[in-house]
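Okay, structure first, notes after.
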Amino acid sequence: MIIGLPREQEINENRVGLTPDNVKELINDGHQVIVEHQAGLKSGFNDEAYQAAGATLVEEVAKVWAAEMVVKVKKPLKEEYAYFHKGLILFTYLHLAADSDLAQALLDNEVTCIAYETMVDKGTLPLLKPMSEVAGRMAVQIGAHLLEKNHGGPCILLGGVPGVKRANVTIIGGGVVGFNSAKLACGLGANVTIIDLNPQRLAKIEHTLGCPVQTLISNEANIHESVVNSDLVIGSVLVAGRRTPILVKEDTIQQMKSGSVLIDVAVDQGGNFETTHETTHSEPTYVIHGVTHYAVSNIPGAVPQTATIALTNASLFYTKEIANKGIIQAAKDNHTILTGINTYQGHITNLAVSESQDREF
Ligand code: NAD
């Protein structure tokens, strides 16, 4: 199969869909890989590395999109719709439910789209998990910096030192993001509290984290008390397919210590704090009631090399299945690939996407 790797066009998107090592594996399987000039540069992979792996480097993006399969990170932008063609397989994060123009362009051109975010493996989302792992760990790293004097913080070191108190960290939502935040915060020596609705999840965290944390069941009183006594609070609740509930009210935030930090990782689903509004890597923070808020919706974009390798570690197996077998046989053999197919031969093939788009399934 001929596989195309374009450079991401979205501002501040520095990841890339395939690493040079991935390209080498695909070429070893008998495929041809066409890479756009500088596609991997912002993730730390230069053109020479792709060339050494056997890729064909091109300047013209149209040549990349002329491939049989295009592997990307983010959904195509409007200026890329002109490259769609009948039978093209597009493997990427797509988020089609909210983008009617993109859906129309994909259907008109009979593009087969496999969306990373709808792929399900035994109840888990294998291509969302790596980004949650990165974001969870980053949240603590960012929080630690925002607690420093230079960033307007209360001048606190997360882990303290002998004879000096540790910082209090509350993590609301003990899923993939929350677990990874807890792992890092614990490792740095902070006092960590994790709040979740699911008692089994809390028990599992206690057993597997490898360091002592306070677990609490999620209710208004526990959240209020823990948040007002915290230096750093991380919001990482997800209710699949819905807007995240607002679990920390403005009244609670008003009672936090001046200089405390809120990191709303769940901002991409609406956010867990009443005072959250989305921010960007170029202007990541704002202050309300003396509390620093950070609400960047693509946190992994700050560490594109780690994020690209984490994503492609998880996606390459499926890329190879599709390239080696073709989409029909790959979907028959692998249910996770089947769950990823959002469009096929001019039809929406994902129920949730068709309902959100009010289009026929
Ligand atoms: P997850 O499904 O693994 O975890 C969500 C957790 O929330 C679950 O443990 C669930 O029991 C818990 N929960 C649900 N309702 C709750 C409530 N009322 N109180 C307390 N806990 C509750 O999800 P995840 O992969 O950890 O992702 C968490 C959020 O982070 C999502 O919104 C995701 O989209 C977002 N995310 C953002 C970024 C970013 O860059 N900002 C990156 C990755 C993920």
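Here's how to read the names in the structure tokens: chain A, B, ... by the order shown, residue numbers from 1 in each chain, ligand numbers from 1 in the order shown.
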Write out as a Markdown table a residue-level contact list of chain A versus ligand 1 with cut-off 9 Å: for each qualifying residue the closest pair of atoms and the distance in Å to one decimal, counting only C-alpha atoms and all ligand atoms, rows sorted by chain and residue number upward.
```
| residue | atom | partner | partner_atom_place_in_ligand_line | distance |
| --- | --- | --- | --- | --- |
| A:Thr124 | CA | ligand 1 | 3 (O) | 8.4 |
| A:Leu125 | CA | ligand 1 | 25 (O) | 8.3 |
| A:Leu128 | CA | ligand 1 | 25 (O) | 6.7 |
| A:Lys129 | CA | ligand 1 | 25 (O) | 5.8 |
| A:Pro130 | CA | ligand 1 | 43 (C) | 8.1 |
| A:Met131 | CA | ligand 1 | 43 (C) | 4.9 |
| A:Ser132 | CA | ligand 1 | 43 (C) | 3.8 |
| A:Glu133 | CA | ligand 1 | 43 (C) | 7.3 |
| A:Val134 | CA | ligand 1 | 42 (C) | 7.3 |
| A:Ala135 | CA | ligand 1 | 42 (C) | 4.8 |
| A:Gly136 | CA | ligand 1 | 43 (C) | 7.3 |
| A:Ala139 | CA | ligand 1 | 41 (N) | 8.9 |
| A:Ile172 | CA | ligand 1 | 20 (C) | 5.5 |
| A:Gly173 | CA | ligand 1 | 21 (N) | 3.8 |
| A:Gly174 | CA | ligand 1 | 9 (O) | 4.3 |
| A:Gly175 | CA | ligand 1 | 4 (O) | 3.2 |
| A:Val176 | CA | ligand 1 | 26 (O) | 3.7 |
| A:Val177 | CA | ligand 1 | 26 (O) | 3.7 |
| A:Gly178 | CA | ligand 1 | 26 (O) | 5.7 |
| A:Phe179 | CA | ligand 1 | 26 (O) | 7.6 |
| A:Asn180 | CA | ligand 1 | 26 (O) | 8.5 |
| A:Ile194 | CA | ligand 1 | 20 (C) | 8.9 |
| A:Ile195 | CA | ligand 1 | 20 (C) | 5.7 |
| A:Asp196 | CA | ligand 1 | 21 (N) | 3.6 |
| A:Leu197 | CA | ligand 1 | 20 (C) | 4.6 |
| A:Asn198 | CA | ligand 1 | 11 (O) | 5.0 |
| A:Pro199 | CA | ligand 1 | 11 (O) | 8.5 |
| A:Arg201 | CA | ligand 1 | 9 (O) | 6.3 |
| A:Leu202 | CA | ligand 1 | 9 (O) | 8.3 |
| A:Ile217 | CA | ligand 1 | 20 (C) | 7.5 |
| A:Ser218 | CA | ligand 1 | 19 (N) | 4.8 |
| A:Asn219 | CA | ligand 1 | 19 (N) | 7.1 |
| A:Ile223 | CA | ligand 1 | 19 (N) | 8.8 |
| A:Gly235 | CA | ligand 1 | 29 (C) | 7.6 |
| A:Ser236 | CA | ligand 1 | 28 (C) | 4.3 |
| A:Val237 | CA | ligand 1 | 7 (O) | 3.6 |
| A:Leu238 | CA | ligand 1 | 5 (C) | 4.1 |
| A:Val239 | CA | ligand 1 | 14 (C) | 5.2 |
| A:Ala240 | CA | ligand 1 | 2 (O) | 6.9 |
| A:Arg243 | CA | ligand 1 | 32 (O) | 8.4 |
| A:Thr244 | CA | ligand 1 | 32 (O) | 6.7 |
| A:Pro245 | CA | ligand 1 | 18 (N) | 6.5 |
| A:Ile246 | CA | ligand 1 | 18 (N) | 8.4 |
| A:Leu247 | CA | ligand 1 | 18 (N) | 6.8 |
| A:Asp264 | CA | ligand 1 | 41 (N) | 7.1 |
| A:Val265 | CA | ligand 1 | 41 (N) | 4.1 |
| A:Ala266 | CA | ligand 1 | 32 (O) | 3.7 |
| A:Val267 | CA | ligand 1 | 41 (N) | 5.8 |
| A:Asp268 | CA | ligand 1 | 34 (O) | 5.5 |
| A:Gln269 | CA | ligand 1 | 32 (O) | 5.0 |
| A:Gly270 | CA | ligand 1 | 32 (O) | 7.8 |
| A:Gly271 | CA | ligand 1 | 32 (O) | 7.3 |
| A:Asn272 | CA | ligand 1 | 32 (O) | 8.7 |
| A:Ala295 | CA | ligand 1 | 41 (N) | 6.9 |
| A:Val296 | CA | ligand 1 | 41 (N) | 5.5 |
| A:Ser297 | CA | ligand 1 | 41 (N) | 3.7 |
| A:Asn298 | CA | ligand 1 | 40 (O) | 3.5 |
| A:Ile299 | CA | ligand 1 | 40 (O) | 3.7 |
| A:Pro300 | CA | ligand 1 | 40 (O) | 5.7 |
| A:Gly301 | CA | ligand 1 | 40 (O) | 7.7 |
```
Practice task
Pick out the residues sitting within 8 Å of stretch 1-12 of chain A, and hand them over as a PyMOL selection string; count only C-alpha atoms, and ignore anything fewer than 4 positions along from it in its own chain.
Solution key: chain A and resi 16-18+30-40+61+64-74+77+281+301+323-324
Expected file contents, prior selection, N, CA and C atoms, as a PDB file, in the first residue's frame:
```
ATOM      1  N   VAL A  16       3.303  14.168  15.055  1.00  0.00           N
ATOM      2  CA  VAL A  16       3.284  13.635  13.693  1.00  0.00           C
ATOM      3  C   VAL A  16       2.754  12.196  13.762  1.00  0.00           C
ATOM      4  N   GLY A  17       2.132  11.740  12.665  1.00  0.00           N
ATOM      5  CA  GLY A  17       1.423  10.452  12.693  1.00  0.00           C
ATOM      6  C   GLY A  17       2.291   9.211  12.668  1.00  0.00           C
ATOM      7  N   LEU A  18       3.546   9.317  12.182  1.00  0.00           N
ATOM      8  CA  LEU A  18       4.456   8.160  12.140  1.00  0.00           C
ATOM      9  C   LEU A  18       5.870   8.625  12.469  1.00  0.00           C
ATOM     10  N   GLY A  30       6.625  -4.170   3.131  1.00  0.00           N
ATOM     11  CA  GLY A  30       6.383  -4.097   1.681  1.00  0.00           C
ATOM     12  C   GLY A  30       5.617  -2.862   1.227  1.00  0.00           C
ATOM     13  N   HIS A  31       5.439  -1.871   2.101  1.00  0.00           N
ATOM     14  CA  HIS A  31       4.680  -0.671   1.725  1.00  0.00           C
ATOM     15  C   HIS A  31       5.632   0.446   1.293  1.00  0.00           C
ATOM     16  N   GLN A  32       5.023   1.473   0.641  1.00  0.00           N
ATOM     17  CA  GLN A  32       5.795   2.664   0.265  1.00  0.00           C
ATOM     18  C   GLN A  32       5.277   3.810   1.134  1.00  0.00           C
ATOM     19  N   VAL A  33       6.169   4.614   1.709  1.00  0.00           N
ATOM     20  CA  VAL A  33       5.714   5.715   2.578  1.00  0.00           C
ATOM     21  C   VAL A  33       6.205   7.047   1.998  1.00  0.00           C
ATOM     22  N   ILE A  34       5.233   7.945   1.737  1.00  0.00           N
ATOM     23  CA  ILE A  34       5.543   9.272   1.185  1.00  0.00           C
ATOM     24  C   ILE A  34       5.418  10.273   2.337  1.00  0.00           C
ATOM     25  N   VAL A  35       6.495  10.969   2.634  1.00  0.00           N
ATOM     26  CA  VAL A  35       6.512  11.877   3.796  1.00  0.00           C
ATOM     27  C   VAL A  35       6.660  13.320   3.320  1.00  0.00           C
ATOM     28  N   GLU A  36       5.806  14.208   3.836  1.00  0.00           N
ATOM     29  CA  GLU A  36       5.944  15.627   3.484  1.00  0.00           C
ATOM     30  C   GLU A  36       7.192  16.187   4.166  1.00  0.00           C
ATOM     31  N   HIS A  37       7.916  17.011   3.432  1.00  0.00           N
ATOM     32  CA  HIS A  37       9.098  17.705   3.931  1.00  0.00           C
ATOM     33  C   HIS A  37       8.813  18.323   5.309  1.00  0.00           C
ATOM     34  N   GLN A  38       9.645  18.058   6.284  1.00  0.00           N
ATOM     35  CA  GLN A  38       9.577  18.586   7.657  1.00  0.00           C
ATOM     36  C   GLN A  38       8.350  18.115   8.457  1.00  0.00           C
ATOM     37  N   ALA A  39       7.756  17.006   8.041  1.00  0.00           N
ATOM     38  CA  ALA A  39       6.550  16.518   8.744  1.00  0.00           C
ATOM     39  C   ALA A  39       6.828  16.238  10.225  1.00  0.00           C
ATOM     40  N   GLY A  40       8.023  15.709  10.522  1.00  0.00           N
ATOM     41  CA  GLY A  40       8.282  15.292  11.902  1.00  0.00           C
ATOM     42  C   GLY A  40       9.193  16.218  12.686  1.00  0.00           C
ATOM     43  N   VAL A  61       2.464  18.735  -0.863  1.00  0.00           N
ATOM     44  CA  VAL A  61       1.561  17.999   0.023  1.00  0.00           C
ATOM     45  C   VAL A  61       0.552  17.176  -0.774  1.00  0.00           C
ATOM     46  N   VAL A  64       1.425  13.630  -1.093  1.00  0.00           N
ATOM     47  CA  VAL A  64       1.218  12.832   0.126  1.00  0.00           C
ATOM     48  C   VAL A  64      -0.231  12.349   0.183  1.00  0.00           C
ATOM     49  N   TRP A  65      -1.147  13.295  -0.106  1.00  0.00           N
ATOM     50  CA  TRP A  65      -2.571  12.954  -0.016  1.00  0.00           C
ATOM     51  C   TRP A  65      -3.038  12.057  -1.163  1.00  0.00           C
ATOM     52  N   ALA A  66      -2.218  11.926  -2.212  1.00  0.00           N
ATOM     53  CA  ALA A  66      -2.594  11.040  -3.330  1.00  0.00           C
ATOM     54  C   ALA A  66      -2.426   9.566  -2.936  1.00  0.00           C
ATOM     55  N   ALA A  67      -1.862   9.311  -1.743  1.00  0.00           N
ATOM     56  CA  ALA A  67      -1.620   7.943  -1.272  1.00  0.00           C
ATOM     57  C   ALA A  67      -2.948   7.191  -1.072  1.00  0.00           C
ATOM     58  N   GLU A  68      -2.824   5.864  -0.856  1.00  0.00           N
ATOM     59  CA  GLU A  68      -4.040   5.062  -0.583  1.00  0.00           C
ATOM     60  C   GLU A  68      -4.488   5.233   0.869  1.00  0.00           C
ATOM     61  N   MET A  69      -3.520   5.432   1.767  1.00  0.00           N
ATOM     62  CA  MET A  69      -3.861   5.678   3.186  1.00  0.00           C
ATOM     63  C   MET A  69      -3.036   6.865   3.692  1.00  0.00           C
ATOM     64  N   VAL A  70      -3.701   7.789   4.409  1.00  0.00           N
ATOM     65  CA  VAL A  70      -2.991   8.911   5.031  1.00  0.00           C
ATOM     66  C   VAL A  70      -3.079   8.725   6.547  1.00  0.00           C
ATOM     67  N   VAL A  71      -1.937   8.813   7.201  1.00  0.00           N
ATOM     68  CA  VAL A  71      -1.886   8.689   8.667  1.00  0.00           C
ATOM     69  C   VAL A  71      -1.547  10.065   9.238  1.00  0.00           C
ATOM     70  N   LYS A  72      -2.404  10.534  10.150  1.00  0.00           N
ATOM     71  CA  LYS A  72      -2.256  11.891  10.687  1.00  0.00           C
ATOM     72  C   LYS A  72      -2.423  11.863  12.199  1.00  0.00           C
ATOM     73  N   VAL A  73      -2.420  13.078  12.782  1.00  0.00           N
ATOM     74  CA  VAL A  73      -2.727  13.204  14.208  1.00  0.00           C
ATOM     75  C   VAL A  73      -4.087  13.883  14.368  1.00  0.00           C
ATOM     76  N   LYS A  74      -4.234  15.083  13.799  1.00  0.00           N
ATOM     77  CA  LYS A  74      -5.478  15.848  13.976  1.00  0.00           C
ATOM     78  C   LYS A  74      -6.365  15.744  12.742  1.00  0.00           C
ATOM     79  N   LEU A  77      -7.905  20.051   8.141  1.00  0.00           N
ATOM     80  CA  LEU A  77      -8.460  21.409   8.126  1.00  0.00           C
ATOM     81  C   LEU A  77      -9.111  21.662   6.765  1.00  0.00           C
ATOM     82  N   HIS A 281      -1.431  27.061  24.697  1.00  0.00           N
ATOM     83  CA  HIS A 281      -0.034  26.993  25.133  1.00  0.00           C
ATOM     84  C   HIS A 281       0.625  28.372  25.121  1.00  0.00           C
ATOM     85  N   GLY A 301       0.644  18.568  23.559  1.00  0.00           N
ATOM     86  CA  GLY A 301       1.305  19.376  22.534  1.00  0.00           C
ATOM     87  C   GLY A 301       2.571  20.050  23.046  1.00  0.00           C
ATOM     88  N   ALA A 323      -2.812  -1.534   6.636  1.00  0.00           N
ATOM     89  CA  ALA A 323      -1.958  -1.518   5.446  1.00  0.00           C
ATOM     90  C   ALA A 323      -1.741  -2.936   4.902  1.00  0.00           C
ATOM     91  N   ASN A 324      -1.548  -3.885   5.796  1.00  0.00           N
ATOM     92  CA  ASN A 324      -1.236  -5.251   5.352  1.00  0.00           C
ATOM     93  C   ASN A 324      -2.455  -5.982   4.795  1.00  0.00           C
TER      94      ASN A 324
END
```
Handout entry: Nearest residue to A:Gly290 from the set A:Gly259, A:Val161, A:Gln200, A:Val140 (distances using only C-alpha atoms)
Key =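 For A:Gly290, the nearest of the given residues is A:Gly259.
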Handout entry: Selected residue, from A:Ile142, A:Met256, A:Leu209, A:Val261, that lies nearest to A:Val228 when counting only C-alpha atoms
Key =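 Once distances to A:Val228 are computed over only C-alpha atoms, the minimum belongs to A:Met256.
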Exercise for the section: Would you mind writing down, as a ChimeraX atom specification, each residue of stretch 154-218 of chain A that DSSP on the backbone assigns to alpha helix (DSSP H)? Expected result: /A:176-187,199-208
For the residues in the current selection, export N, CA and C atoms as a CSV table (one decimal), in the first residue's frame.
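Now in out_19.csv:
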```csv
chain,number,residue,atom,x,y,z
A,176,VAL,N,-7.4,7.4,33.9
A,176,VAL,CA,-6.0,7.3,33.4
A,176,VAL,C,-5.2,8.6,33.7
A,177,VAL,N,-5.9,9.8,33.5
A,177,VAL,CA,-5.2,11.1,33.8
A,177,VAL,C,-4.9,11.1,35.3
A,178,GLY,N,-5.9,10.9,36.1
A,178,GLY,CA,-5.8,11.0,37.6
A,178,GLY,C,-4.7,10.1,38.2
A,179,PHE,N,-4.7,8.8,37.7
A,179,PHE,CA,-3.7,7.9,38.2
A,179,PHE,C,-2.3,8.4,37.9
A,180,ASN,N,-2.1,8.9,36.6
A,180,ASN,CA,-0.8,9.3,36.2
A,180,ASN,C,-0.4,10.6,37.0
A,181,SER,N,-1.4,11.5,37.2
A,181,SER,CA,-1.0,12.6,38.1
A,181,SER,C,-0.6,12.2,39.4
A,182,ALA,N,-1.4,11.3,40.0
A,182,ALA,CA,-1.1,10.8,41.4
A,182,ALA,C,0.3,10.2,41.4
A,183,LYS,N,0.6,9.4,40.4
A,183,LYS,CA,1.9,8.7,40.4
A,183,LYS,C,3.1,9.8,40.4
A,184,LEU,N,2.9,10.8,39.6
A,184,LEU,CA,4.0,11.8,39.6
A,184,LEU,C,4.0,12.7,40.9
A,185,ALA,N,2.8,13.1,41.3
A,185,ALA,CA,2.7,13.9,42.6
A,185,ALA,C,3.3,13.2,43.8
A,186,CYS,N,2.9,11.9,43.8
A,186,CYS,CA,3.4,11.1,44.9
A,186,CYS,C,5.0,10.9,44.8
A,187,GLY,N,5.4,10.7,43.6
A,187,GLY,CA,6.9,10.5,43.4
A,187,GLY,C,7.6,11.8,43.8
A,199,PRO,N,-15.8,3.3,43.9
A,199,PRO,CA,-15.0,2.8,45.0
A,199,PRO,C,-14.0,1.7,44.6
A,200,GLN,N,-14.4,0.9,43.5
A,200,GLN,CA,-13.4,-0.1,43.0
A,200,GLN,C,-12.2,0.6,42.4
A,201,ARG,N,-12.4,1.7,41.7
A,201,ARG,CA,-11.3,2.4,41.1
A,201,ARG,C,-10.4,2.9,42.2
A,202,LEU,N,-11.0,3.5,43.3
A,202,LEU,CA,-10.2,4.0,44.4
A,202,LEU,C,-9.3,2.9,45.1
A,203,ALA,N,-10.0,1.7,45.2
A,203,ALA,CA,-9.3,0.6,45.8
A,203,ALA,C,-8.1,0.2,45.0
A,204,LYS,N,-8.4,0.1,43.6
A,204,LYS,CA,-7.3,-0.3,42.7
A,204,LYS,C,-6.1,0.7,42.8
A,205,ILE,N,-6.5,2.0,42.9
A,205,ILE,CA,-5.4,3.0,42.9
A,205,ILE,C,-4.5,2.8,44.2
A,206,GLU,N,-5.2,2.6,45.3
A,206,GLU,CA,-4.5,2.3,46.6
A,206,GLU,C,-3.5,1.1,46.4
A,207,HIS,N,-4.0,0.1,45.7
A,207,HIS,CA,-3.2,-1.1,45.7
A,207,HIS,C,-2.1,-1.1,44.7
A,208,THR,N,-2.3,-0.2,43.6
A,208,THR,CA,-1.3,-0.3,42.5
A,208,THR,C,-0.4,0.9,42.5
```
Handout entry: Contacts of A:Gln357 within 7 Å, only C-alpha atoms, excl. fewer than 2 positions in-chain, as an MDAnalysis selection string
Key = chainID A and resid 97 100 353:355 359
Handout entry: Straight-line distance linking atom CA of A:Ile114 with atom CA of A:Thr279, stated in Å to one decimal
Key =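 Interatomic distance here is 28.6 Å.
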Pick out each residue of stretch 47-294 of chain A that DSSP on the backbone tags as strand (DSSP E or B); I need them as a compact mmCIF listing (two decimals) with C-alpha atoms, in the first residue's frame.
```
# COMPACT_ATOMS: atom_id res chain seq x y z
CA THR A 56 10.18 9.15 -0.08
CA LEU A 57 10.38 12.82 0.93
CA VAL A 58 8.25 15.28 -1.09
CA MET A 69 -3.86 5.68 3.19
CA VAL A 70 -2.99 8.91 5.03
CA VAL A 71 -1.89 8.69 8.67
CA ILE A 89 -8.25 5.62 3.95
CA LEU A 90 -7.71 8.30 6.61
CA PHE A 91 -6.40 7.20 10.03
CA THR A 92 -6.34 10.03 12.59
CA THR A 112 -12.94 5.75 4.66
CA CYS A 113 -12.10 7.26 8.05
CA ILE A 114 -10.86 5.37 11.05
CA ALA A 115 -11.00 7.72 14.05
CA ASP A 121 -10.65 -2.46 22.99
CA THR A 124 -10.97 0.86 26.96
CA VAL A 161 12.11 19.18 52.44
CA VAL A 164 9.08 21.67 56.01
CA ASN A 168 -1.36 19.27 49.35
CA VAL A 169 -2.51 18.00 45.95
CA THR A 170 -6.11 16.99 45.21
CA ILE A 171 -6.93 15.02 42.07
CA ILE A 172 -10.61 14.77 41.15
CA ASN A 191 0.44 14.84 50.07
CA VAL A 192 -1.99 13.41 47.53
CA THR A 193 -5.77 12.98 47.77
CA ILE A 194 -7.66 11.26 44.95
CA ILE A 195 -11.43 11.64 44.68
CA ASP A 196 -13.55 9.39 42.45
CA GLN A 214 -5.70 9.47 50.62
CA THR A 215 -8.64 8.19 48.57
CA LEU A 216 -12.08 9.77 49.00
CA ILE A 217 -15.45 9.08 47.47
CA LEU A 232 -2.73 22.24 43.65
CA VAL A 233 -5.99 20.76 42.33
CA ILE A 234 -6.22 18.68 39.15
CA GLY A 235 -9.59 18.14 37.42
CA VAL A 248 -15.82 22.53 42.05
CA VAL A 261 -3.31 26.39 41.34
CA LEU A 262 -6.14 24.69 39.43
CA ILE A 263 -5.28 22.54 36.41
CA ASP A 264 -8.41 21.55 34.48
CA PHE A 273 -14.26 23.85 37.68
CA THR A 279 -6.58 28.46 27.31
CA THR A 285 -3.05 30.70 32.59
CA TYR A 286 -5.39 33.29 34.10
CA VAL A 287 -6.19 34.26 37.68
CA ILE A 288 -9.63 34.36 39.34
CA VAL A 291 -6.20 31.29 42.15
CA THR A 292 -4.13 30.48 39.04
CA HIS A 293 -6.10 28.53 36.43
CA TYR A 294 -4.49 26.41 33.68
```
Completion exercise
re atom CA of A:Lys42 and atom CA of A:Asn14: distance 5.2 Å
Problem - Residues near A:Ile327, cut-off 9 Å, only C-alpha atoms, skip fewer than 5 positions along chain, as a PyMOL selection string - result: chain A and resi 89+112+321-322+332+337-338
Save the residues we just selected, all heavy atoms, as a short mmCIF file (atom, residue, chain, number, x, y, z; two decimals), in the first residue's frame?
```
data_model
loop_
_atom_site.label_atom_id
_atom_site.label_comp_id
_atom_site.auth_asym_id
_atom_site.auth_seq_id
_atom_site.Cartn_x
_atom_site.Cartn_y
_atom_site.Cartn_z
N ILE A 89 -8.08 6.02 2.54
CA ILE A 89 -8.25 5.62 3.95
C ILE A 89 -7.55 6.68 4.79
O ILE A 89 -6.37 6.98 4.56
CB ILE A 89 -7.63 4.24 4.22
CG1 ILE A 89 -8.33 3.16 3.39
CG2 ILE A 89 -7.70 3.89 5.70
CD1 ILE A 89 -7.60 1.81 3.43
N THR A 112 -12.74 6.66 3.52
CA THR A 112 -12.94 5.75 4.66
C THR A 112 -12.12 6.29 5.82
O THR A 112 -10.88 6.37 5.73
CB THR A 112 -12.44 4.33 4.31
OG1 THR A 112 -13.22 3.84 3.21
CG2 THR A 112 -12.58 3.39 5.50
N GLU A 321 -1.99 -3.34 10.50
CA GLU A 321 -3.11 -4.25 10.18
C GLU A 321 -3.85 -3.75 8.94
O GLU A 321 -4.15 -4.52 8.04
CB GLU A 321 -4.10 -4.29 11.36
CG GLU A 321 -3.69 -5.18 12.51
CD GLU A 321 -3.90 -6.65 12.20
OE1 GLU A 321 -5.04 -7.12 12.21
OE2 GLU A 321 -2.88 -7.32 11.96
N ILE A 322 -4.15 -2.43 8.94
CA ILE A 322 -4.92 -1.85 7.82
C ILE A 322 -4.08 -1.90 6.54
O ILE A 322 -4.58 -2.27 5.47
CB ILE A 322 -5.35 -0.40 8.16
CG1 ILE A 322 -6.27 -0.38 9.38
CG2 ILE A 322 -6.04 0.25 6.96
CD1 ILE A 322 -6.45 1.00 10.01
N LYS A 332 -12.64 -7.00 9.74
CA LYS A 332 -13.22 -8.32 10.05
C LYS A 332 -12.40 -9.02 11.13
O LYS A 332 -12.91 -9.66 12.02
CB LYS A 332 -13.22 -9.19 8.79
CG LYS A 332 -14.42 -8.94 7.89
CD LYS A 332 -14.40 -9.96 6.74
CE LYS A 332 -15.51 -9.63 5.76
NZ LYS A 332 -15.29 -10.25 4.44
N ILE A 337 -10.52 -2.09 15.22
CA ILE A 337 -10.49 -1.30 13.97
C ILE A 337 -11.92 -1.04 13.50
O ILE A 337 -12.26 0.07 13.10
CB ILE A 337 -9.65 -2.03 12.89
CG1 ILE A 337 -8.18 -2.03 13.33
CG2 ILE A 337 -9.82 -1.37 11.51
CD1 ILE A 337 -7.24 -2.82 12.45
N LEU A 338 -12.76 -2.07 13.61
CA LEU A 338 -14.17 -1.90 13.21
C LEU A 338 -14.83 -0.75 13.97
O LEU A 338 -15.53 0.08 13.38
CB LEU A 338 -14.93 -3.21 13.47
CG LEU A 338 -16.37 -3.26 13.00
CD1 LEU A 338 -16.46 -3.19 11.47
CD2 LEU A 338 -17.05 -4.54 13.48
#
```
Practice task
Mind giving me the straight-line distance from atom CA of A:Leu311 to atom CA of A:Leu127 in Å, one decimal?
Solution key: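 That distance, rounded to one decimal, is 6.7 Å.
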Could you pull the residues within 8 Å of A:Ala144, counting only C-alpha atoms, minus those fewer than 3 positions along the same chain, as a PDB file with C-alpha atoms, in the first residue's frame?
```
ATOM      1  CA  VAL A 140       1.773  17.823  37.964  1.00  0.00           C
ATOM      2  CA  GLN A 141       4.908  19.126  36.265  1.00  0.00           C
ATOM      3  CA  LEU A 147       3.483  27.097  42.554  1.00  0.00           C
ATOM      4  CA  GLU A 148       6.893  28.792  42.236  1.00  0.00           C
ATOM      5  CA  LEU A 157       7.981  23.068  46.701  1.00  0.00           C
ATOM      6  CA  LEU A 158       5.574  20.166  46.065  1.00  0.00           C
TER       7      LEU A 158
END
```
Just the residues within 7 Å of A:Thr339, please, counting only C-alpha atoms, with nothing from its chain fewer than 3 positions along; format it as an mmCIF file with all heavy atoms, in the first residue's frame.
```
data_model
loop_
_atom_site.group_PDB
_atom_site.id
_atom_site.type_symbol
_atom_site.label_atom_id
_atom_site.label_comp_id
_atom_site.auth_asym_id
_atom_site.auth_seq_id
_atom_site.Cartn_x
_atom_site.Cartn_y
_atom_site.Cartn_z
ATOM 1 N N THR A 118 -12.620 6.811 18.591
ATOM 2 C CA THR A 118 -13.777 5.913 18.780
ATOM 3 C C THR A 118 -13.357 4.440 18.831
ATOM 4 O O THR A 118 -14.202 3.566 18.970
ATOM 5 C CB THR A 118 -14.855 6.115 17.681
ATOM 6 O OG1 THR A 118 -14.335 5.681 16.419
ATOM 7 C CG2 THR A 118 -15.323 7.554 17.601
ATOM 8 N N MET A 119 -12.073 4.168 18.724
ATOM 9 C CA MET A 119 -11.621 2.773 18.757
ATOM 10 C C MET A 119 -11.684 2.236 20.188
ATOM 11 O O MET A 119 -11.157 2.846 21.106
ATOM 12 C CB MET A 119 -10.187 2.680 18.209
ATOM 13 C CG MET A 119 -10.138 2.988 16.724
ATOM 14 S SD MET A 119 -8.467 3.127 16.073
ATOM 15 C CE MET A 119 -7.964 1.420 16.052
ATOM 16 N N VAL A 120 -12.371 1.096 20.320
ATOM 17 C CA VAL A 120 -12.583 0.523 21.651
ATOM 18 C C VAL A 120 -11.948 -0.868 21.710
ATOM 19 O O VAL A 120 -12.120 -1.663 20.784
ATOM 20 C CB VAL A 120 -14.101 0.391 21.949
ATOM 21 C CG1 VAL A 120 -14.334 -0.204 23.332
ATOM 22 C CG2 VAL A 120 -14.789 1.743 21.831
ATOM 23 N N HIS A 335 -11.775 -6.237 15.962
ATOM 24 C CA HIS A 335 -12.969 -5.480 16.333
ATOM 25 C C HIS A 335 -12.640 -4.041 16.693
ATOM 26 O O HIS A 335 -13.455 -3.128 16.496
ATOM 27 C CB HIS A 335 -13.681 -6.184 17.500
ATOM 28 C CG HIS A 335 -15.026 -5.616 17.776
ATOM 29 N ND1 HIS A 335 -15.264 -4.753 18.823
ATOM 30 C CD2 HIS A 335 -16.191 -5.728 17.114
ATOM 31 C CE1 HIS A 335 -16.533 -4.377 18.795
ATOM 32 N NE2 HIS A 335 -17.116 -4.947 17.770
ATOM 33 N N THR A 336 -11.438 -3.794 17.199
ATOM 34 C CA THR A 336 -11.059 -2.425 17.571
ATOM 35 C C THR A 336 -11.017 -1.538 16.330
ATOM 36 O O THR A 336 -11.452 -0.377 16.366
ATOM 37 C CB THR A 336 -9.686 -2.444 18.278
ATOM 38 O OG1 THR A 336 -9.793 -3.312 19.400
ATOM 39 C CG2 THR A 336 -9.269 -1.063 18.742
#
```
Problem - Given only C-alpha atoms as the counted atoms, nearest of A:Ser230, A:Ala190, A:Gly346, A:Lys257 to A:Pro212 - result: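 Comparing A:Ser230, A:Ala190, A:Gly346, A:Lys257 against A:Pro212, the winner is A:Ala190.
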